[in-house]
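Here the structure is laid out as structure tokens; the discussion comes afterwards.
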Amino acid sequence: MIYNSKLKGYISNLCGKTPVNPSFPIEYRIYPQGSSGMNWHSDTPLYHGKYYEAVLTLENESDSKFNYKYNNQIKTIKTKPNTLVLVKPNTIEHQVTPINQGYRTILKFVIVFNDNKENDNFLLSYNSCPN
């Protein structure tokens with residue numbers, strides 16, 4: 001359902017390459033009330049070459065926000081359901097603010113292309129995924 005023709009068409013238009021189905025699993029995350037969110041970080045690359053880490057907001061009944069740094073300024077997105085955020089690993093520093101009220105659910109997944117090959121971080125991250 002995630003790697004459908006609509007998403008692949010959007011990504012192809014965005015970057016000029018057609019994504020392929022990755023070998024890395026899709027992660028479902030729940031940020032409940034009281035969650036500390038996620039501290040400032042840049043995503044660790046799992047593949048060689050340029051690719052995207054994607055976060056699709058499913059529900060957001062919270063006061064939590066997605067912040068990122070761009071041109072030395074902090075930008076904020078209040079992610080609504082069906083918001084898709086794409087980040088190239090090892091580039092944009094970002095965070096998810098704590099949840100004081102409500103909850104937020106997301107799907108986190110990768111968008112890769114034929115020329116992306118797994119790097120050493122891939123296996124470490126893959127092996128830490130819950131069964």
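Note on naming: chains are A, B, ... as they come in the structure tokens, residues start from 1 per chain, ligands start from 1 in the order shown.
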
- request: Within 6 Å of stretch 102-116 of chain A, counting only C-alpha atoms, which residues show up once you throw out same-chain ones fewer than 6 positions away? Write them as a list in words, please.
  value: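 Listed by chain and then number, they are Pro19, Val20, Ile26, Glu27, Tyr28, Arg29, Ile30, Tyr31, Pro32, Gln33, Tyr47, His48, Gly49, Tyr51, Tyr52, Glu53, Ala54, Val55, Leu56, Thr57, Leu58, Glu59, Asn60, Glu61 and Ser62 of chain A.
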
Emit the selected residues as a short mmCIF file (atom, residue, chain, number, x, y, z; two decimals), in the first residue's frame, including C-alpha atoms.
```cif
data_model
loop_
_atom_site.label_atom_id
_atom_site.label_comp_id
_atom_site.auth_asym_id
_atom_site.auth_seq_id
_atom_site.Cartn_x
_atom_site.Cartn_y
_atom_site.Cartn_z
CA PRO A 19 11.99 4.27 -6.55
CA VAL A 20 12.16 0.52 -6.01
CA ILE A 26 8.35 -0.17 7.46
CA GLU A 27 8.21 0.94 11.08
CA TYR A 28 4.98 1.83 12.89
CA ARG A 29 5.55 4.27 15.75
CA ILE A 30 3.21 5.52 18.44
CA TYR A 31 4.06 8.69 20.32
CA PRO A 32 1.68 8.62 23.34
CA GLN A 33 0.86 11.45 25.71
CA TYR A 47 22.44 2.89 2.02
CA HIS A 48 25.19 4.25 -0.21
CA GLY A 49 24.05 7.09 -2.45
CA TYR A 51 17.84 8.20 -0.90
CA TYR A 52 15.06 9.37 1.44
CA GLU A 53 13.84 8.53 4.91
CA ALA A 54 10.08 9.08 4.88
CA VAL A 55 7.62 9.73 7.70
CA LEU A 56 3.92 9.47 6.96
CA THR A 57 1.72 10.86 9.73
CA LEU A 58 -1.31 8.63 10.22
CA GLU A 59 -2.86 10.40 13.21
CA ASN A 60 -1.91 13.50 15.14
CA GLU A 61 -4.18 14.42 18.01
CA SER A 62 -1.26 15.97 19.88
#
```

List every residue of chain A that DSSP, applied to the backbone of this structure, assigns to alpha helix (DSSP H), and report them as a PDB file with C-alpha atoms, in the first residue's frame.
```pdb
ATOM      1  CA  SER A   5       2.161   4.171  -8.214  1.00  0.00           C
ATOM      2  CA  LYS A   6       1.082   7.526  -6.739  1.00  0.00           C
ATOM      3  CA  LEU A   7       4.062   7.656  -4.368  1.00  0.00           C
ATOM      4  CA  LYS A   8       6.471   6.358  -7.010  1.00  0.00           C
ATOM      5  CA  GLY A   9       5.189   8.985  -9.486  1.00  0.00           C
ATOM      6  CA  TYR A  10       5.578  11.755  -6.908  1.00  0.00           C
ATOM      7  CA  ILE A  11       9.149  10.689  -6.086  1.00  0.00           C
ATOM      8  CA  SER A  12      10.014  10.308  -9.788  1.00  0.00           C
ATOM      9  CA  ASN A  13       8.804  13.854 -10.456  1.00  0.00           C
ATOM     10  CA  LEU A  14      10.696  15.141  -7.428  1.00  0.00           C
ATOM     11  CA  CYS A  15      14.099  13.632  -8.157  1.00  0.00           C
ATOM     12  CA  ASP A 120      27.302  -1.261   7.241  1.00  0.00           C
ATOM     13  CA  ASN A 121      24.636   0.702   9.172  1.00  0.00           C
ATOM     14  CA  PHE A 122      21.873  -1.179   7.352  1.00  0.00           C
ATOM     15  CA  LEU A 123      22.514  -4.501   9.042  1.00  0.00           C
ATOM     16  CA  LEU A 124      22.917  -2.915  12.485  1.00  0.00           C
ATOM     17  CA  SER A 125      19.592  -1.097  12.119  1.00  0.00           C
ATOM     18  CA  TYR A 126      17.831  -4.046  10.523  1.00  0.00           C
ATOM     19  CA  ASN A 127      18.880  -6.389  13.321  1.00  0.00           C
TER      20      ASN A 127
END
```

A:Asn90 surroundings by only C-alpha atoms, 6 Å radius, close-in-sequence under 2 positions cut, as a PyMOL selection string: chain A and resi 42-44

Write down as a PDB file with all heavy atoms, in the first residue's frame the residues belonging to stretch 56-105 of chain A that are assigned strand (DSSP E or B) by DSSP computed on the backbone.
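Below is the file result_27.pdb, written as the result:
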```pdb
ATOM      1  N   LEU A  56       5.308   9.206   7.306  1.00  0.00           N
ATOM      2  CA  LEU A  56       3.919   9.466   6.961  1.00  0.00           C
ATOM      3  C   LEU A  56       3.117   9.548   8.259  1.00  0.00           C
ATOM      4  O   LEU A  56       3.066   8.570   9.014  1.00  0.00           O
ATOM      5  CB  LEU A  56       3.362   8.346   6.081  1.00  0.00           C
ATOM      6  CG  LEU A  56       1.881   8.440   5.726  1.00  0.00           C
ATOM      7  CD1 LEU A  56       1.578   9.703   4.918  1.00  0.00           C
ATOM      8  CD2 LEU A  56       1.439   7.192   4.971  1.00  0.00           C
ATOM      9  N   THR A  57       2.548  10.701   8.536  1.00  0.00           N
ATOM     10  CA  THR A  57       1.724  10.862   9.733  1.00  0.00           C
ATOM     11  C   THR A  57       0.362  10.225   9.472  1.00  0.00           C
ATOM     12  O   THR A  57      -0.327  10.578   8.513  1.00  0.00           O
ATOM     13  CB  THR A  57       1.549  12.354  10.092  1.00  0.00           C
ATOM     14  OG1 THR A  57       2.841  12.906  10.345  1.00  0.00           O
ATOM     15  CG2 THR A  57       0.656  12.532  11.315  1.00  0.00           C
ATOM     16  N   LEU A  58      -0.004   9.282  10.317  1.00  0.00           N
ATOM     17  CA  LEU A  58      -1.313   8.626  10.224  1.00  0.00           C
ATOM     18  C   LEU A  58      -2.346   9.372  11.051  1.00  0.00           C
ATOM     19  O   LEU A  58      -3.457   9.641  10.588  1.00  0.00           O
ATOM     20  CB  LEU A  58      -1.211   7.175  10.695  1.00  0.00           C
ATOM     21  CG  LEU A  58      -0.227   6.290   9.933  1.00  0.00           C
ATOM     22  CD1 LEU A  58      -0.160   4.914  10.578  1.00  0.00           C
ATOM     23  CD2 LEU A  58      -0.599   6.201   8.474  1.00  0.00           C
ATOM     24  N   GLU A  59      -1.979   9.671  12.297  1.00  0.00           N
ATOM     25  CA  GLU A  59      -2.860  10.400  13.213  1.00  0.00           C
ATOM     26  C   GLU A  59      -2.001  11.409  13.965  1.00  0.00           C
ATOM     27  O   GLU A  59      -0.853  11.133  14.282  1.00  0.00           O
ATOM     28  CB  GLU A  59      -3.486   9.459  14.241  1.00  0.00           C
ATOM     29  CG  GLU A  59      -4.267   8.297  13.664  1.00  0.00           C
ATOM     30  CD  GLU A  59      -4.610   7.291  14.756  1.00  0.00           C
ATOM     31  OE1 GLU A  59      -3.705   6.570  15.198  1.00  0.00           O
ATOM     32  OE2 GLU A  59      -5.783   7.256  15.161  1.00  0.00           O
ATOM     33  N   ASN A  60      -2.592  12.558  14.262  1.00  0.00           N
ATOM     34  CA  ASN A  60      -1.914  13.498  15.138  1.00  0.00           C
ATOM     35  C   ASN A  60      -2.951  14.285  15.918  1.00  0.00           C
ATOM     36  O   ASN A  60      -3.466  15.294  15.450  1.00  0.00           O
ATOM     37  CB  ASN A  60      -0.985  14.438  14.375  1.00  0.00           C
ATOM     38  CG  ASN A  60      -0.069  15.198  15.311  1.00  0.00           C
ATOM     39  OD1 ASN A  60      -0.157  15.073  16.530  1.00  0.00           O
ATOM     40  ND2 ASN A  60       0.819  15.990  14.747  1.00  0.00           N
ATOM     41  N   PHE A  66       6.996  18.770  14.268  1.00  0.00           N
ATOM     42  CA  PHE A  66       8.227  18.348  13.616  1.00  0.00           C
ATOM     43  C   PHE A  66       9.018  19.618  13.323  1.00  0.00           C
ATOM     44  O   PHE A  66       8.530  20.513  12.625  1.00  0.00           O
ATOM     45  CB  PHE A  66       7.900  17.597  12.314  1.00  0.00           C
ATOM     46  CG  PHE A  66       9.115  17.235  11.502  1.00  0.00           C
ATOM     47  CD1 PHE A  66       9.837  16.090  11.789  1.00  0.00           C
ATOM     48  CD2 PHE A  66       9.529  18.032  10.445  1.00  0.00           C
ATOM     49  CE1 PHE A  66      10.948  15.744  11.037  1.00  0.00           C
ATOM     50  CE2 PHE A  66      10.645  17.700   9.691  1.00  0.00           C
ATOM     51  CZ  PHE A  66      11.356  16.555   9.990  1.00  0.00           C
ATOM     52  N   ASN A  67      10.206  19.722  13.886  1.00  0.00           N
ATOM     53  CA  ASN A  67      11.079  20.879  13.655  1.00  0.00           C
ATOM     54  C   ASN A  67      12.287  20.446  12.857  1.00  0.00           C
ATOM     55  O   ASN A  67      12.782  19.332  13.019  1.00  0.00           O
ATOM     56  CB  ASN A  67      11.564  21.473  14.985  1.00  0.00           C
ATOM     57  CG  ASN A  67      10.451  22.088  15.791  1.00  0.00           C
ATOM     58  OD1 ASN A  67       9.462  22.558  15.255  1.00  0.00           O
ATOM     59  ND2 ASN A  67      10.604  22.089  17.101  1.00  0.00           N
ATOM     60  N   TYR A  68      12.764  21.336  12.001  1.00  0.00           N
ATOM     61  CA  TYR A  68      13.998  21.072  11.269  1.00  0.00           C
ATOM     62  C   TYR A  68      14.762  22.372  11.090  1.00  0.00           C
ATOM     63  O   TYR A  68      14.199  23.467  11.156  1.00  0.00           O
ATOM     64  CB  TYR A  68      13.711  20.399   9.928  1.00  0.00           C
ATOM     65  CG  TYR A  68      12.929  21.243   8.946  1.00  0.00           C
ATOM     66  CD1 TYR A  68      13.574  21.941   7.930  1.00  0.00           C
ATOM     67  CD2 TYR A  68      11.542  21.336   9.013  1.00  0.00           C
ATOM     68  CE1 TYR A  68      12.868  22.704   7.017  1.00  0.00           C
ATOM     69  CE2 TYR A  68      10.822  22.096   8.114  1.00  0.00           C
ATOM     70  CZ  TYR A  68      11.485  22.777   7.110  1.00  0.00           C
ATOM     71  OH  TYR A  68      10.777  23.537   6.222  1.00  0.00           O
ATOM     72  N   LYS A  69      16.075  22.222  10.895  1.00  0.00           N
ATOM     73  CA  LYS A  69      16.941  23.383  10.719  1.00  0.00           C
ATOM     74  C   LYS A  69      17.265  23.543   9.240  1.00  0.00           C
ATOM     75  O   LYS A  69      17.693  22.593   8.577  1.00  0.00           O
ATOM     76  CB  LYS A  69      18.236  23.220  11.516  1.00  0.00           C
ATOM     77  CG  LYS A  69      18.003  23.199  13.010  1.00  0.00           C
ATOM     78  CD  LYS A  69      19.294  22.990  13.774  1.00  0.00           C
ATOM     79  CE  LYS A  69      19.027  22.922  15.269  1.00  0.00           C
ATOM     80  NZ  LYS A  69      20.248  22.608  16.038  1.00  0.00           N
ATOM     81  N   TYR A  70      17.043  24.764   8.739  1.00  0.00           N
ATOM     82  CA  TYR A  70      17.305  25.069   7.337  1.00  0.00           C
ATOM     83  C   TYR A  70      17.841  26.489   7.253  1.00  0.00           C
ATOM     84  O   TYR A  70      17.206  27.415   7.772  1.00  0.00           O
ATOM     85  CB  TYR A  70      16.031  24.913   6.500  1.00  0.00           C
ATOM     86  CG  TYR A  70      16.241  25.126   5.033  1.00  0.00           C
ATOM     87  CD1 TYR A  70      16.898  24.166   4.261  1.00  0.00           C
ATOM     88  CD2 TYR A  70      15.793  26.280   4.414  1.00  0.00           C
ATOM     89  CE1 TYR A  70      17.093  24.355   2.913  1.00  0.00           C
ATOM     90  CE2 TYR A  70      15.989  26.480   3.063  1.00  0.00           C
ATOM     91  CZ  TYR A  70      16.643  25.517   2.315  1.00  0.00           C
ATOM     92  OH  TYR A  70      16.847  25.709   0.971  1.00  0.00           O
ATOM     93  N   GLN A  73      18.016  28.431  10.468  1.00  0.00           N
ATOM     94  CA  GLN A  73      16.745  28.791  11.097  1.00  0.00           C
ATOM     95  C   GLN A  73      15.978  27.510  11.413  1.00  0.00           C
ATOM     96  O   GLN A  73      16.081  26.527  10.688  1.00  0.00           O
ATOM     97  CB  GLN A  73      15.896  29.665  10.179  1.00  0.00           C
ATOM     98  CG  GLN A  73      16.454  31.033   9.922  1.00  0.00           C
ATOM     99  CD  GLN A  73      15.501  31.866   9.073  1.00  0.00           C
ATOM    100  OE1 GLN A  73      14.596  31.360   8.431  1.00  0.00           O
ATOM    101  NE2 GLN A  73      15.715  33.175   9.076  1.00  0.00           N
ATOM    102  N   ILE A  74      15.217  27.558  12.493  1.00  0.00           N
ATOM    103  CA  ILE A  74      14.367  26.421  12.855  1.00  0.00           C
ATOM    104  C   ILE A  74      12.998  26.628  12.216  1.00  0.00           C
ATOM    105  O   ILE A  74      12.357  27.664  12.403  1.00  0.00           O
ATOM    106  CB  ILE A  74      14.243  26.281  14.384  1.00  0.00           C
ATOM    107  CG1 ILE A  74      15.608  25.931  14.983  1.00  0.00           C
ATOM    108  CG2 ILE A  74      13.209  25.208  14.741  1.00  0.00           C
ATOM    109  CD1 ILE A  74      15.633  25.861  16.492  1.00  0.00           C
ATOM    110  N   LYS A  75      12.579  25.644  11.435  1.00  0.00           N
ATOM    111  CA  LYS A  75      11.273  25.638  10.775  1.00  0.00           C
ATOM    112  C   LYS A  75      10.395  24.607  11.488  1.00  0.00           C
ATOM    113  O   LYS A  75      10.902  23.599  11.983  1.00  0.00           O
ATOM    114  CB  LYS A  75      11.397  25.268   9.302  1.00  0.00           C
ATOM    115  CG  LYS A  75      12.391  26.094   8.526  1.00  0.00           C
ATOM    116  CD  LYS A  75      11.866  27.458   8.237  1.00  0.00           C
ATOM    117  CE  LYS A  75      12.831  28.223   7.342  1.00  0.00           C
ATOM    118  NZ  LYS A  75      12.278  29.470   6.908  1.00  0.00           N
ATOM    119  N   THR A  76       9.099  24.841  11.514  1.00  0.00           N
ATOM    120  CA  THR A  76       8.173  23.968  12.234  1.00  0.00           C
ATOM    121  C   THR A  76       7.048  23.519  11.319  1.00  0.00           C
ATOM    122  O   THR A  76       6.494  24.323  10.556  1.00  0.00           O
ATOM    123  CB  THR A  76       7.577  24.708  13.445  1.00  0.00           C
ATOM    124  OG1 THR A  76       8.639  25.061  14.336  1.00  0.00           O
ATOM    125  CG2 THR A  76       6.573  23.852  14.193  1.00  0.00           C
ATOM    126  N   ILE A  77       6.720  22.235  11.414  1.00  0.00           N
ATOM    127  CA  ILE A  77       5.566  21.670  10.714  1.00  0.00           C
ATOM    128  C   ILE A  77       4.675  21.004  11.751  1.00  0.00           C
ATOM    129  O   ILE A  77       5.137  20.161  12.523  1.00  0.00           O
ATOM    130  CB  ILE A  77       5.981  20.616   9.672  1.00  0.00           C
ATOM    131  CG1 ILE A  77       6.908  21.215   8.623  1.00  0.00           C
ATOM    132  CG2 ILE A  77       4.744  20.005   9.015  1.00  0.00           C
ATOM    133  CD1 ILE A  77       7.493  20.183   7.674  1.00  0.00           C
ATOM    134  N   LEU A  84       3.389  13.774   4.470  1.00  0.00           N
ATOM    135  CA  LEU A  84       4.585  12.991   4.185  1.00  0.00           C
ATOM    136  C   LEU A  84       5.792  13.918   4.272  1.00  0.00           C
ATOM    137  O   LEU A  84       5.856  14.935   3.591  1.00  0.00           O
ATOM    138  CB  LEU A  84       4.509  12.380   2.781  1.00  0.00           C
ATOM    139  CG  LEU A  84       5.706  11.540   2.352  1.00  0.00           C
ATOM    140  CD1 LEU A  84       5.820  10.280   3.217  1.00  0.00           C
ATOM    141  CD2 LEU A  84       5.591  11.168   0.878  1.00  0.00           C
ATOM    142  N   VAL A  85       6.737  13.569   5.140  1.00  0.00           N
ATOM    143  CA  VAL A  85       7.983  14.321   5.289  1.00  0.00           C
ATOM    144  C   VAL A  85       9.107  13.448   4.758  1.00  0.00           C
ATOM    145  O   VAL A  85       9.229  12.288   5.146  1.00  0.00           O
ATOM    146  CB  VAL A  85       8.239  14.695   6.769  1.00  0.00           C
ATOM    147  CG1 VAL A  85       9.598  15.353   6.926  1.00  0.00           C
ATOM    148  CG2 VAL A  85       7.132  15.595   7.298  1.00  0.00           C
ATOM    149  N   LEU A  86       9.916  14.011   3.856  1.00  0.00           N
ATOM    150  CA  LEU A  86      11.063  13.307   3.290  1.00  0.00           C
ATOM    151  C   LEU A  86      12.339  14.005   3.722  1.00  0.00           C
ATOM    152  O   LEU A  86      12.440  15.227   3.629  1.00  0.00           O
ATOM    153  CB  LEU A  86      11.001  13.317   1.762  1.00  0.00           C
ATOM    154  CG  LEU A  86       9.773  12.695   1.111  1.00  0.00           C
ATOM    155  CD1 LEU A  86       9.812  12.899  -0.396  1.00  0.00           C
ATOM    156  CD2 LEU A  86       9.685  11.215   1.444  1.00  0.00           C
ATOM    157  N   VAL A  87      13.310  13.219   4.186  1.00  0.00           N
ATOM    158  CA  VAL A  87      14.595  13.756   4.622  1.00  0.00           C
ATOM    159  C   VAL A  87      15.694  12.882   4.036  1.00  0.00           C
ATOM    160  O   VAL A  87      15.605  11.653   4.101  1.00  0.00           O
ATOM    161  CB  VAL A  87      14.706  13.761   6.169  1.00  0.00           C
ATOM    162  CG1 VAL A  87      16.077  14.209   6.611  1.00  0.00           C
ATOM    163  CG2 VAL A  87      13.626  14.637   6.787  1.00  0.00           C
ATOM    164  N   HIS A  94      16.823  17.434  12.540  1.00  0.00           N
ATOM    165  CA  HIS A  94      15.401  17.558  12.850  1.00  0.00           C
ATOM    166  C   HIS A  94      15.084  16.937  14.208  1.00  0.00           C
ATOM    167  O   HIS A  94      15.905  16.242  14.783  1.00  0.00           O
ATOM    168  CB  HIS A  94      14.546  16.925  11.750  1.00  0.00           C
ATOM    169  CG  HIS A  94      14.881  15.498  11.468  1.00  0.00           C
ATOM    170  ND1 HIS A  94      15.984  15.114  10.698  1.00  0.00           N
ATOM    171  CD2 HIS A  94      14.290  14.342  11.836  1.00  0.00           C
ATOM    172  CE1 HIS A  94      16.030  13.800  10.618  1.00  0.00           C
ATOM    173  NE2 HIS A  94      15.008  13.302  11.307  1.00  0.00           N
ATOM    174  N   GLN A  95      13.882  17.222  14.692  1.00  0.00           N
ATOM    175  CA  GLN A  95      13.417  16.695  15.975  1.00  0.00           C
ATOM    176  C   GLN A  95      11.898  16.578  15.956  1.00  0.00           C
ATOM    177  O   GLN A  95      11.216  17.169  15.104  1.00  0.00           O
ATOM    178  CB  GLN A  95      13.826  17.618  17.127  1.00  0.00           C
ATOM    179  CG  GLN A  95      13.004  18.869  17.197  1.00  0.00           C
ATOM    180  CD  GLN A  95      13.101  19.648  18.486  1.00  0.00           C
ATOM    181  OE1 GLN A  95      12.726  20.795  18.475  1.00  0.00           O
ATOM    182  NE2 GLN A  95      13.559  19.111  19.574  1.00  0.00           N
ATOM    183  N   VAL A  96      11.371  15.813  16.910  1.00  0.00           N
ATOM    184  CA  VAL A  96       9.935  15.756  17.190  1.00  0.00           C
ATOM    185  C   VAL A  96       9.778  16.244  18.618  1.00  0.00           C
ATOM    186  O   VAL A  96      10.427  15.729  19.532  1.00  0.00           O
ATOM    187  CB  VAL A  96       9.382  14.324  17.033  1.00  0.00           C
ATOM    188  CG1 VAL A  96       7.913  14.274  17.414  1.00  0.00           C
ATOM    189  CG2 VAL A  96       9.594  13.822  15.609  1.00  0.00           C
ATOM    190  N   ARG A 104       0.287  10.687  18.710  1.00  0.00           N
ATOM    191  CA  ARG A 104       0.644  10.794  17.292  1.00  0.00           C
ATOM    192  C   ARG A 104       1.105   9.424  16.820  1.00  0.00           C
ATOM    193  O   ARG A 104       1.847   8.741  17.526  1.00  0.00           O
ATOM    194  CB  ARG A 104       1.767  11.813  17.124  1.00  0.00           C
ATOM    195  CG  ARG A 104       2.269  11.991  15.717  1.00  0.00           C
ATOM    196  CD  ARG A 104       3.305  13.135  15.690  1.00  0.00           C
ATOM    197  NE  ARG A 104       3.838  13.281  14.361  1.00  0.00           N
ATOM    198  CZ  ARG A 104       5.098  13.042  14.022  1.00  0.00           C
ATOM    199  NH1 ARG A 104       5.961  12.651  14.928  1.00  0.00           N
ATOM    200  NH2 ARG A 104       5.494  13.201  12.783  1.00  0.00           N
ATOM    201  N   THR A 105       0.655   8.983  15.634  1.00  0.00           N
ATOM    202  CA  THR A 105       1.120   7.721  15.060  1.00  0.00           C
ATOM    203  C   THR A 105       1.688   7.992  13.667  1.00  0.00           C
ATOM    204  O   THR A 105       1.168   8.832  12.927  1.00  0.00           O
ATOM    205  CB  THR A 105      -0.006   6.671  14.973  1.00  0.00           C
ATOM    206  OG1 THR A 105      -1.042   7.151  14.125  1.00  0.00           O
ATOM    207  CG2 THR A 105      -0.565   6.347  16.342  1.00  0.00           C
TER     208      THR A 105
END
```

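The residue that comes closest to A:His41, out of A:Ile92, A:Thr18, A:Lys65, A:Asn71 and on the basis of only C-alpha atoms, is A:Ile92.
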
message: Can you measure atom CA of A:Pro130 to atom CA of A:Asp63 for me? One decimal in Å is fine.
response: 27.6 Å
